[in-house]
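Take a look at the structure below.
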Amino acid sequence: MATGGAGDDMPYIMPPGDRRSHVSRHGRIGGVGTCDVDGCGKPVKVTDYDGRWCRGHADARDAERQAEDLRLTVKAGGPWPQTCPRRVGELGPWERGKGLDTWAIRDQMRTCSFCGSLHPADFMDLIEQGWVVGPTDKNYKVYLSGPAMRDQAKFYYQHLSGEQRARFVELSNNAALGIDPAMHIGDPGYFYVQPFFMRYEDA
Ligand SMILES: [Zn+2]
Ligand SMILES: [Zn+2]
């Protein structure tokens, strides 16, 4: 029988719009538990599927993950210099130079150091592998989800080359036409806000 931390029987109200299941394997999301690290026992709020960690142990875990990401990046030959198109294409309080950004492995994905986007080649590969493209109300970003719950990636369309944009549109059209290979588009099955480089034609 599982034992809960203090306040385990407190009522829990799911926040509006929260689409996660309100119970994780660590207890009720929003409920109170204790830090998972042996011998710690500090009370913590259960916020996600990632376990229960007090601030100190969460910081230590994050530092460990960053060190592991860096190790994997270097092992793969990175970090790889690049210029994020969002740095040079958007207004913001940052320097507009070339080669100031990198691709580096973060959470097992090549990720843009400036905007946090997945690498465009990896984005296209995962779409071809059947990862689900989740429509959003933004014309510049999209989320990909894979077979496991933790397989999630954010992508900013500005990172696509012209060729990749054309392939993206082709795969999306294949979905509408029922032709393989087709893009798997998440609920509602089409882009209610189209990517900025794409437009639906009137029938
Ligand atoms: Zn702790
Ligand atoms: Zn970027």
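Ordering of the structure tokens sets the chain letters (A, B, ...), residue numbers begin anew at 1 in every chain, and ligands are numbered from 1 in the order given.
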For this session: Output the neighbourhood of ligand 1 as a ChimeraX atom specification, that is, all protein and nucleic acid residues with some atom at most 7 Å from the ligand, counting only C-alpha atoms and all ligand atoms.
Result: /A:35-37,40-42,53-57
Problem set entry | Nearby residues, ligand 2, 9 Å, only C-alpha atoms and all ligand atoms, as a ChimeraX atom specification | /A:82-87,101-103,111-119,155-156,158-159
Write the residues of the preceding selection, restricted to C-alpha atoms, as a compact mmCIF listing (two decimals), in the first residue's frame.
```txt
# COMPACT_ATOMS: atom_id res chain seq x y z
CA GLN A 82 24.28 28.50 -36.38
CA THR A 83 22.31 31.70 -36.73
CA CYS A 84 18.78 31.43 -35.39
CA PRO A 85 16.40 33.04 -37.91
CA ARG A 86 14.32 34.32 -35.02
CA ARG A 87 17.30 36.31 -33.71
CA ASP A 101 23.78 30.58 -31.69
CA THR A 102 24.30 26.85 -31.60
CA TRP A 103 22.54 23.55 -31.98
CA THR A 111 17.85 22.19 -29.90
CA CYS A 112 18.42 25.85 -30.85
CA SER A 113 20.27 27.68 -28.08
CA PHE A 114 18.45 30.92 -28.91
CA CYS A 115 14.78 29.95 -29.25
CA GLY A 116 14.63 26.38 -27.96
CA SER A 117 13.36 25.00 -31.28
CA LEU A 118 14.00 21.45 -32.40
CA HIS A 119 16.47 21.18 -35.33
CA PHE A 155 9.39 23.77 -33.28
CA TYR A 156 9.51 27.26 -34.77
CA GLN A 158 11.25 30.06 -39.23
CA HIS A 159 13.90 27.36 -38.97
```
Non-local contacts of Lys138 in chain A (9 Å; only C-alpha atoms; under 6 positions in same chain excluded) as a PDB file with C-alpha atoms, in the first residue's frame:
```pdb
ATOM      1  CA  VAL A 193      -4.230  28.564 -37.976  1.00  0.00           C
ATOM      2  CA  GLN A 194      -1.951  27.853 -40.906  1.00  0.00           C
ATOM      3  CA  PRO A 195       1.826  28.030 -40.699  1.00  0.00           C
ATOM      4  CA  PHE A 196       2.857  31.435 -42.036  1.00  0.00           C
TER       5      PHE A 196
END
```
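Every protein, DNA or RNA residue with an atom at most 12 Å from Tyr143 in chain A, where only C-alpha atoms count and chain neighbours fewer than 2 positions away do not, is listed here: A:Gly116, A:Ser117, A:Leu118, A:Phe123, A:Leu126, A:Ile127, A:Trp131, A:Val132, A:Val133, A:Gly134, A:Pro135, A:Thr136, A:Asp137, A:Lys138, A:Asn139, A:Tyr140, A:Lys141, A:Ser145, A:Gly146, A:Asp151, A:Gln152, A:Ala153, A:Lys154, A:Phe155, A:Tyr156, A:Tyr157, A:Ile185, A:Gly186.
Within range 69-165 of chain A, DSSP applied to the backbone places the following residues in alpha helix (DSSP H): Asp69, Leu70, Arg71, Leu72, Thr73, Val74, Lys75, Pro85, Arg86, Arg87, Val88, Gly89, Pro120, Ala121, Asp122, Phe123, Met124, Asp125, Leu126, Ile127, Glu128, Gly162, Glu163, Gln164 and Arg165 of chain A.
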Include N, CA and C atoms and write out the residues we just selected as an mmCIF file, in the first residue's frame.
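That gives us result17.cif:
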```cif
data_model
loop_
_atom_site.group_PDB
_atom_site.id
_atom_site.type_symbol
_atom_site.label_atom_id
_atom_site.label_comp_id
_atom_site.auth_asym_id
_atom_site.auth_seq_id
_atom_site.Cartn_x
_atom_site.Cartn_y
_atom_site.Cartn_z
ATOM 1 N N ASP A 69 23.582 16.553 -20.949
ATOM 2 C CA ASP A 69 23.305 17.089 -22.290
ATOM 3 C C ASP A 69 24.587 17.581 -22.950
ATOM 4 N N LEU A 70 25.397 18.281 -22.180
ATOM 5 C CA LEU A 70 26.648 18.812 -22.721
ATOM 6 C C LEU A 70 27.584 17.669 -23.117
ATOM 7 N N ARG A 71 27.639 16.647 -22.266
ATOM 8 C CA ARG A 71 28.485 15.496 -22.563
ATOM 9 C C ARG A 71 28.050 14.834 -23.879
ATOM 10 N N LEU A 72 26.738 14.647 -24.052
ATOM 11 C CA LEU A 72 26.215 14.026 -25.273
ATOM 12 C C LEU A 72 26.473 14.907 -26.487
ATOM 13 N N THR A 73 26.326 16.225 -26.308
ATOM 14 C CA THR A 73 26.557 17.173 -27.398
ATOM 15 C C THR A 73 28.002 17.093 -27.878
ATOM 16 N N VAL A 74 28.922 17.132 -26.936
ATOM 17 C CA VAL A 74 30.350 17.106 -27.273
ATOM 18 C C VAL A 74 30.719 15.766 -27.904
ATOM 19 N N LYS A 75 30.161 14.701 -27.368
ATOM 20 C CA LYS A 75 30.421 13.364 -27.896
ATOM 21 C C LYS A 75 29.972 13.258 -29.355
ATOM 22 N N PRO A 85 17.139 32.061 -37.101
ATOM 23 C CA PRO A 85 16.397 33.037 -37.907
ATOM 24 C C PRO A 85 15.496 33.932 -37.052
ATOM 25 N N ARG A 86 15.169 33.498 -35.882
ATOM 26 C CA ARG A 86 14.323 34.321 -35.016
ATOM 27 C C ARG A 86 15.147 35.468 -34.424
ATOM 28 N N ARG A 87 16.437 35.242 -34.211
ATOM 29 C CA ARG A 87 17.296 36.307 -33.707
ATOM 30 C C ARG A 87 17.385 37.451 -34.727
ATOM 31 N N VAL A 88 17.557 37.068 -36.010
ATOM 32 C CA VAL A 88 17.758 38.110 -37.025
ATOM 33 C C VAL A 88 16.445 38.595 -37.627
ATOM 34 N N GLY A 89 15.362 37.817 -37.461
ATOM 35 C CA GLY A 89 14.107 38.173 -38.118
ATOM 36 C C GLY A 89 13.076 38.814 -37.218
ATOM 37 N N PRO A 120 15.548 21.671 -37.572
ATOM 38 C CA PRO A 120 14.601 21.456 -38.669
ATOM 39 C C PRO A 120 14.728 20.085 -39.353
ATOM 40 N N ALA A 121 15.947 19.576 -39.497
ATOM 41 C CA ALA A 121 16.103 18.253 -40.138
ATOM 42 C C ALA A 121 15.480 17.171 -39.262
ATOM 43 N N ASP A 122 15.651 17.307 -37.953
ATOM 44 C CA ASP A 122 15.071 16.333 -37.028
ATOM 45 C C ASP A 122 13.545 16.456 -37.012
ATOM 46 N N PHE A 123 13.063 17.692 -37.090
ATOM 47 C CA PHE A 123 11.621 17.947 -37.156
ATOM 48 C C PHE A 123 11.017 17.215 -38.353
ATOM 49 N N MET A 124 11.628 17.403 -39.524
ATOM 50 C CA MET A 124 11.105 16.765 -40.731
ATOM 51 C C MET A 124 11.213 15.237 -40.643
ATOM 52 N N ASP A 125 12.326 14.746 -40.109
ATOM 53 C CA ASP A 125 12.490 13.290 -39.951
ATOM 54 C C ASP A 125 11.394 12.704 -39.062
ATOM 55 N N LEU A 126 11.122 13.373 -37.957
ATOM 56 C CA LEU A 126 10.128 12.848 -37.013
ATOM 57 C C LEU A 126 8.727 12.881 -37.633
ATOM 58 N N ILE A 127 8.443 13.906 -38.438
ATOM 59 C CA ILE A 127 7.145 13.953 -39.129
ATOM 60 C C ILE A 127 7.040 12.764 -40.086
ATOM 61 N N GLU A 128 8.134 12.514 -40.820
ATOM 62 C CA GLU A 128 8.128 11.386 -41.760
ATOM 63 C C GLU A 128 7.974 10.061 -41.008
ATOM 64 N N GLY A 162 13.410 26.547 -47.566
ATOM 65 C CA GLY A 162 12.371 26.551 -48.594
ATOM 66 C C GLY A 162 11.974 25.142 -48.997
ATOM 67 N N GLU A 163 12.993 24.298 -49.139
ATOM 68 C CA GLU A 163 12.743 22.906 -49.529
ATOM 69 C C GLU A 163 11.943 22.177 -48.453
ATOM 70 N N GLN A 164 12.311 22.421 -47.199
ATOM 71 C CA GLN A 164 11.596 21.765 -46.097
ATOM 72 C C GLN A 164 10.159 22.271 -45.995
ATOM 73 N N ARG A 165 9.941 23.561 -46.261
ATOM 74 C CA ARG A 165 8.569 24.089 -46.254
ATOM 75 C C ARG A 165 7.729 23.392 -47.315
#
```
Using DSSP secondary structure from the backbone, list all strand (DSSP E or B) positions within range 57-154 of chain A, as a JSON list (two decimals) with C-alpha atoms, in the first residue's frame.
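So states.json came out as:
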```json
[["chain", "number", "residue", "atom", "x", "y", "z"],
["A", 80, "TRP", "CA", 27.23, 23.28, -33.82],
["A", 81, "PRO", "CA", 27.29, 27.04, -34.57],
["A", 82, "GLN", "CA", 24.28, 28.50, -36.38],
["A", 101, "ASP", "CA", 23.78, 30.58, -31.69],
["A", 102, "THR", "CA", 24.30, 26.85, -31.60],
["A", 103, "TRP", "CA", 22.54, 23.55, -31.98],
["A", 104, "ALA", "CA", 23.12, 21.44, -28.90],
["A", 105, "ILE", "CA", 21.52, 18.31, -27.53],
["A", 106, "ARG", "CA", 18.91, 18.99, -24.90],
["A", 109, "MET", "CA", 17.01, 16.45, -29.14],
["A", 110, "ARG", "CA", 19.15, 18.88, -31.13],
["A", 111, "THR", "CA", 17.85, 22.19, -29.90],
["A", 112, "CYS", "CA", 18.42, 25.85, -30.85],
["A", 118, "LEU", "CA", 14.00, 21.45, -32.40],
["A", 132, "VAL", "CA", 1.92, 13.89, -34.58],
["A", 133, "VAL", "CA", 1.97, 17.56, -35.56],
["A", 134, "GLY", "CA", -0.25, 19.40, -33.10],
["A", 141, "LYS", "CA", 5.20, 27.46, -33.85],
["A", 142, "VAL", "CA", 4.05, 23.90, -33.48],
["A", 143, "TYR", "CA", 4.42, 20.98, -31.09],
["A", 144, "LEU", "CA", 5.36, 17.46, -32.11],
["A", 145, "SER", "CA", 4.44, 14.44, -30.08],
["A", 152, "GLN", "CA", 7.40, 16.18, -27.00],
["A", 153, "ALA", "CA", 9.19, 18.85, -28.99],
["A", 154, "LYS", "CA", 8.55, 22.46, -29.84]]
```
Problem set entry | Selection: 12 Å around Ala166 in chain A, only C-alpha atoms, excl. self and same-chain fewer than 5 positions, as a PyMOL selection string | chain A and resi 124+160-161+171-173+195+197-198
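The spacing separating CA of Ile179 in chain A from CA of Tyr192 in chain A amounts to 20.8 Å.
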